[in-house]
>>> print(open('my_file.cif').read())   # mmCIF, C-alpha atoms
data_upload
loop_
_atom_site.label_atom_id
_atom_site.label_comp_id
_atom_site.auth_asym_id
_atom_site.auth_seq_id
_atom_site.Cartn_x
_atom_site.Cartn_y
_atom_site.Cartn_z
CA MET A 121 103.72 193.02 119.06
CA SER A 122 100.33 192.01 120.41
CA ALA A 123 98.78 194.40 117.87
CA LEU A 124 100.71 192.60 115.15
CA GLY A 125 99.18 189.32 116.31
CA ILE A 126 102.30 187.79 117.82
CA ARG A 127 101.34 184.85 120.00
CA PRO A 128 102.45 181.47 121.38
CA GLY A 129 104.04 179.31 118.72
CA ASP A 130 105.55 182.30 116.91
CA GLU A 131 109.19 183.21 116.61
CA VAL A 132 110.44 186.78 116.56
CA ILE A 133 113.94 187.45 115.30
CA VAL A 134 115.89 190.04 117.32
CA PRO A 135 119.50 191.20 117.04
CA ALA A 136 122.19 190.14 119.50
CA PHE A 137 122.78 193.81 120.33
CA LEU A 138 119.61 195.56 121.43
CA TRP A 139 117.86 196.79 124.53
CA VAL A 140 116.21 194.30 126.86
CA ALA A 141 112.75 195.80 126.24
CA THR A 142 112.62 194.39 122.72
CA ILE A 143 113.08 190.88 124.05
CA THR A 144 110.65 191.51 126.89
CA ALA A 145 107.96 192.43 124.37
CA VAL A 146 108.43 189.08 122.65
CA ILE A 147 108.21 187.20 125.93
CA GLN A 148 105.15 189.16 127.06
CA ASN A 149 103.39 187.83 123.98
CA ASN A 150 104.49 184.29 124.83
CA ALA A 151 106.47 184.03 121.63
CA ILE A 152 110.04 182.88 121.26
CA PRO A 153 112.88 185.35 120.73
CA VAL A 154 115.40 184.13 118.17
CA LEU A 155 118.81 185.80 118.21
CA CYS A 156 120.39 187.08 115.02
CA GLU A 157 124.04 188.01 114.62
CA VAL A 158 125.02 191.64 114.15
CA ASP A 159 127.43 192.91 111.54
CA ASP A 160 130.28 195.36 112.06
CA SER A 161 127.75 198.22 112.33
CA LEU A 162 126.53 196.35 115.43
CA ASN A 163 123.10 196.11 113.81
CA MET A 164 121.20 193.08 112.53
CA ASP A 165 123.16 191.06 109.98
CA ALA A 166 120.88 190.40 107.00
CA GLY A 167 122.94 187.37 105.99
CA ASP A 168 122.39 185.66 109.33
CA LEU A 169 118.79 186.87 109.41
CA GLU A 170 117.92 184.68 106.45
CA LYS A 171 119.42 181.64 108.19
CA LYS A 172 117.25 182.21 111.27
CA ILE A 173 113.93 182.24 109.44
CA THR A 174 111.70 179.21 109.94
CA GLU A 175 108.09 178.46 109.14
CA ARG A 176 107.27 179.91 112.56
CA THR A 177 108.93 183.26 112.07
CA LYS A 178 106.25 185.94 112.26
CA LEU A 179 108.22 189.09 112.88
CA ILE A 180 111.65 190.59 112.35
CA ALA A 181 112.31 193.19 115.06
CA VAL A 182 115.22 195.30 113.87
CA VAL A 183 116.79 197.75 116.29
CA HIS A 184 118.68 200.76 114.96
CA MET A 185 121.32 200.92 117.65
CA ALA A 186 123.38 203.86 118.88
CA GLY A 187 122.15 206.23 116.18
CA THR A 188 123.21 203.90 113.38
CA PRO A 189 120.56 202.71 110.93
CA CYS A 190 120.40 199.05 109.93
CA ASP A 191 120.98 198.04 106.32
CA MET A 192 117.26 198.24 105.56
CA ASP A 193 117.71 197.39 101.87
CA ALA A 194 119.14 194.00 102.73
CA ILE A 195 116.78 193.36 105.63
CA MET A 196 113.65 194.28 103.67
CA ARG A 197 114.76 192.06 100.77
CA VAL A 198 114.93 189.09 103.13
CA ALA A 199 111.63 190.00 104.81
CA GLU A 200 109.80 190.42 101.51
CA ARG A 201 111.24 187.22 100.11
CA HIS A 202 109.76 185.32 103.05
CA ASN A 203 106.68 187.54 103.51
CA ILE A 204 107.51 188.37 107.12
CA LEU A 205 106.54 191.55 108.94
CA VAL A 206 109.24 193.98 110.04
CA LEU A 207 109.04 196.15 113.16
CA GLU A 208 111.64 198.90 113.45
CA ASP A 209 112.76 199.84 116.95
CA CYS A 210 114.11 203.37 116.44
CA ALA A 211 114.44 204.22 120.13
CA GLN A 212 118.15 204.96 119.72
CA CYS A 213 117.86 206.48 116.28
CA ASN A 214 115.15 209.15 116.52
CA GLY A 215 115.32 211.19 113.31
CA GLY A 216 117.86 208.91 111.69
CA SER A 217 117.71 207.87 108.07
CA PHE A 218 119.00 205.18 105.74
CA LYS A 219 119.88 206.32 102.23
CA GLY A 220 117.75 209.43 102.75
CA ARG A 221 114.67 207.64 104.02
CA LYS A 222 113.69 207.96 107.67
CA VAL A 223 114.12 204.92 109.86
CA GLY A 224 110.79 203.60 111.02
CA THR A 225 109.22 203.91 107.56
CA PHE A 226 110.61 200.73 106.00
CA GLY A 227 108.77 198.14 108.06
CA LYS A 228 105.13 197.63 108.96
CA VAL A 229 105.54 199.79 112.03
CA GLY A 230 108.23 202.03 113.44
CA ILE A 231 108.51 202.86 117.12
CA TYR A 232 110.42 205.74 118.72
CA SER A 233 111.26 206.50 122.32
CA LEU A 234 110.77 209.76 124.18
CA GLN A 235 112.24 208.31 127.37
CA ILE A 236 114.37 210.56 129.56
CA ASN A 237 117.75 209.49 128.13
CA LYS A 238 116.80 210.18 124.51
CA ASN A 239 117.88 213.19 122.50
CA VAL A 240 114.21 214.19 122.19
CA THR A 241 112.36 213.41 125.38
CA ALA A 242 108.96 213.78 127.00
CA GLY A 243 110.19 212.23 130.23
CA GLU A 244 108.66 208.92 129.24
CA GLY A 245 106.57 207.53 126.43
CA GLY A 246 107.13 207.21 122.72
CA LEU A 247 105.74 207.41 119.22
CA LEU A 248 104.89 204.98 116.51
CA VAL A 249 104.23 205.21 112.80
CA THR A 250 102.43 202.93 110.39
CA ASP A 251 100.64 203.41 107.09
CA ASP A 252 98.11 200.70 107.96
CA GLU A 253 94.98 202.18 109.57
CA ARG A 254 93.68 198.87 110.87
CA LEU A 255 97.03 198.19 112.49
CA TYR A 256 97.08 201.72 113.89
CA ILE A 257 93.78 201.07 115.66
CA ARG A 258 95.13 197.83 117.06
CA LEU A 259 98.33 199.54 118.17
CA VAL A 260 96.38 202.21 120.04
CA ALA A 261 94.22 199.50 121.57
CA ALA A 262 97.27 197.56 122.73
CA HIS A 263 98.55 200.72 124.36
CA ASP A 264 95.29 201.73 125.98
CA LEU A 265 93.13 199.10 127.68
CA GLY A 266 92.92 196.87 124.64
CA VAL A 267 90.04 198.90 123.28
CA PRO A 268 89.96 199.42 119.49
CA TRP A 269 88.76 203.03 119.25
CA LYS A 270 88.56 205.30 116.26
CA GLN A 271 87.66 208.97 116.71
CA GLY A 272 86.17 208.26 120.12
CA LEU A 273 83.95 205.39 119.01
CA PRO A 274 84.38 201.62 118.87
CA ALA A 275 86.42 201.02 115.75
CA GLY A 276 84.45 198.10 114.38
CA ASP A 277 85.97 194.82 113.34
CA THR A 278 89.73 195.07 113.65
CA GLY A 279 90.16 191.32 113.76
CA PRO A 280 90.67 189.00 116.71
CA PHE A 281 92.11 190.95 119.59
CA LEU A 282 93.01 190.22 123.12
CA ILE A 283 91.84 192.53 125.84
CA LEU A 284 94.90 193.19 127.94
CA THR A 285 94.50 192.37 131.59
CA PHE A 286 97.32 194.30 133.20
CA ASP A 287 94.63 196.78 134.09
CA ARG A 288 92.06 195.82 136.70
CA GLU A 289 90.30 192.67 135.59
CA SER A 290 86.84 194.06 136.23
CA ARG A 291 87.55 196.97 133.92
CA ALA A 292 88.71 194.67 131.15
CA LEU A 293 85.55 192.62 131.55
CA ARG A 294 83.39 195.73 131.31
CA VAL A 295 85.19 196.83 128.18
CA THR A 296 84.81 193.40 126.64
CA ARG A 297 81.09 193.43 127.35
CA HIS A 298 80.72 196.95 125.97
CA LEU A 299 82.46 196.06 122.74
CA ARG A 300 80.38 192.96 122.27
CA ASP A 301 77.25 194.98 122.94
CA SER A 302 78.45 197.32 120.20
CA GLY A 303 78.40 194.45 117.74
CA ILE A 304 82.13 193.66 117.74
CA GLU A 305 82.42 189.91 118.04
CA ASN A 306 86.12 189.26 117.75
CA VAL A 307 87.01 190.52 121.20
CA PHE A 308 88.21 188.15 123.82
CA HIS A 309 88.93 188.56 127.48
CA LEU A 310 91.69 186.38 128.91
CA MET B 230 121.30 194.88 129.15
CA HIS B 231 122.20 195.67 125.54
CA ILE B 232 124.15 192.51 124.84
CA TYR B 233 122.08 189.36 124.75
CA HIS B 234 124.21 187.26 127.07
CA ASN B 235 124.18 189.98 129.74
CA ILE B 236 120.39 189.73 130.03
CA ARG B 237 120.10 187.27 132.88
CA SER B 238 116.34 186.89 132.60
CA LEU B 239 116.78 185.80 128.98
CA VAL B 240 119.78 183.55 129.48
CA GLU B 241 118.10 181.78 132.41
CA LYS B 242 114.61 181.98 130.86
CA ILE B 243 113.20 183.48 134.03
CA PRO B 244 109.40 183.56 133.77
CA LEU B 245 107.41 186.78 133.96
CA SER B 246 104.99 184.99 136.26
CA PRO B 247 105.05 181.80 138.33
CA ALA B 248 102.76 180.30 135.71
CA GLY B 249 105.70 179.88 133.39
CA ASN B 250 107.22 181.43 130.34
CA PRO B 251 107.00 181.06 126.57
CA TRP B 252 109.48 178.23 126.50
CA SER B 253 107.28 176.06 128.69
CA LEU B 254 104.14 176.51 126.63
CA PRO B 255 103.07 173.50 124.57
CA GLN B 256 103.01 175.66 121.42
CA ASN B 257 106.72 176.36 121.86
CA ALA B 258 107.90 173.27 123.69
CA ASP B 259 109.60 171.71 120.68
CA ARG B 260 111.68 174.83 120.01
CA VAL B 261 114.92 174.75 121.92
CA PHE B 262 116.91 177.95 122.05
CA GLU B 263 119.84 178.92 124.20
CA TYR B 264 120.82 182.50 124.87
CA GLY B 265 124.09 182.24 126.76
CA LYS B 266 127.40 183.60 125.52
CA GLY B 267 128.36 181.72 122.40
CA ALA B 268 124.88 181.70 120.90
CA CYS B 269 126.02 184.43 118.49
CA PRO B 270 129.79 183.91 118.10
CA LYS B 271 130.30 186.49 115.38
CA SER B 272 128.60 189.13 117.52
CA ASP B 273 130.53 188.02 120.61
CA ASP B 274 133.76 188.64 118.73
CA LEU B 275 132.60 192.11 117.71
CA PHE B 276 131.50 192.95 121.25
CA GLU B 277 134.92 192.02 122.63
CA ARG B 278 136.78 194.45 120.39
CA SER B 279 134.30 197.31 120.04
CA VAL B 280 133.83 200.46 122.05
CA ILE B 281 130.88 202.77 121.48
CA ILE B 282 131.75 206.39 122.12
CA THR B 283 129.02 208.95 122.60
CA ILE B 284 129.57 212.04 120.47
CA PRO B 285 127.31 214.89 121.59
CA SER B 286 125.71 216.70 118.68
CA ARG B 287 126.74 220.15 119.95
CA LEU B 288 130.48 219.61 119.88
CA MET B 289 132.63 222.16 118.09
CA VAL B 290 134.79 220.92 115.24
CA GLU B 291 137.89 221.43 117.36
CA GLN B 292 136.38 219.37 120.18
CA GLU B 293 135.62 216.58 117.71
CA ARG B 294 139.22 216.68 116.54
CA GLU B 295 140.47 216.48 120.12
CA MET B 296 138.20 213.51 120.79
CA THR B 297 139.39 211.76 117.64
CA GLN B 298 143.00 212.37 118.62
CA ALA B 299 142.42 211.02 122.12
CA ILE B 300 140.77 207.88 120.78
CA GLY B 301 143.59 207.39 118.30
CA ASP B 302 146.19 207.80 121.05
CA ALA B 303 144.38 205.28 123.23
CA VAL B 304 144.24 202.73 120.43
CA VAL B 305 147.95 203.16 119.71
CA ASP B 306 148.69 202.74 123.41
CA ILE B 307 146.66 199.55 123.60
CA VAL B 308 148.20 198.08 120.48
CA THR B 309 151.79 198.91 121.40
CA ASN B 310 151.69 198.00 125.11
#
>>> encode(input="my_file.cif", output="structure tokens")
Amino acid sequence: MSALGIRPGDEVIVPAFLWVATITAVIQNNAIPVLCEVDDSLNMDAGDLEKKITERTKLIAVVHMAGTPCDMDAIMRVAERHNILVLEDCAQCNGGSFKGRKVGTFGKVGIYSLQINKNVTAGEGGLLVTDDERLYIRLVAAHDLGVPWKQGLPAGDTGPFLILTFDRESRALRVTRHLRDSGIENVFHL
Amino acid sequence: MHIYHNIRSLVEKIPLSPAGNPWSLPQNADRVFEYGKGACPKSDDLFERSVIITIPSRLMVEQEREMTQAIGDAVVDIVTN
């Protein structure tokens, strides 16, 4: 969500049935989680989704729960009507599809889990997909030190970005300085 | 931890750090949201009468039939008793 630019003042719509991590990601970005009703598939109800959209809504975080895909036709219609990004949490629906199209490919980004309980596991970790290269670089940066790399080199201007400080502060400062020395101005250290 | 009102840290808006949480930031201060049971009444109703049953992908057809029968029997038992 940090790679998508979610920040204080933003609202992120999440379903009432989900996993706590989706809400935690919203809170970690100091945005407000807004609950959306689920329908009888126990996934996000597109009808209620539209009612929850405000001028502050920046992201719709759908969660394909228990191997069941959301009604992505209805959800994407609402999202496109209001020009709001969609993130698909496919952690419980690895390999699933909706009307023949793989979940995770409808929204701006799809994320998958390889955690130990999943039907395909690497012990921990996960995967993500996006068709937006600039976003991809930001996603990798958000995952790894906040550094926007591309093929082993600083990726250039990927827009304003926050260096994450859950690593050692001194390291984040060094990275910030290195990126600025490389000519990338829109890098900030908090 | 899958149903919103069971997530205590959300319901009670427990901060990730002593510095506060999103709801106390000036950018968000005018947005009042509650997350306790009742915030999503339609979902609450569904949660109270739904059971998710894990169906392993390697079951034989006969095992699936047995599972279906057992679920059906349980539902009948609940409804009639």
>>> atom_distance(input="my_file.cif", atom1="atom CA of B:Ala258", atom2="atom CA of A:Met121")
20.7 Å
>>> residues_around(input="my_file.cif", residues="stretch 237-244 of chain B", least_positions_apart="2", cutoff="10 Å", atoms="all atoms listed in the file", output="number ranges by chain")
A: 140, 143-144, 147-148, 153; B: 230, 233-235, 246-253, 262-266
>>> residues_around(input="my_file.cif", residues="stretch 219-223 of chain A", least_positions_apart="3", cutoff="9 Å", atoms="all atoms listed in the file", output="PyMOL selection string")
chain A and resi 184+189-190+192+208-210+213-216+226-227+230
>>> resolve_selection(input="my_file.cif", expression="the PyMOL selection byres ((chain B and resi 257) around 10)", output="ChimeraX atom specification")
/A:128-131,150-152,176 /B:250-256,258-261
>>> atom_distance(input="my_file.cif", atom1="atom CA of B:Leu288", atom2="atom CA of A:Gly245")
27.6 Å
>>> atom_distance(input="my_file.cif", atom1="atom CA of A:Ile173", atom2="atom CA of A:Glu253")
27.5 Å
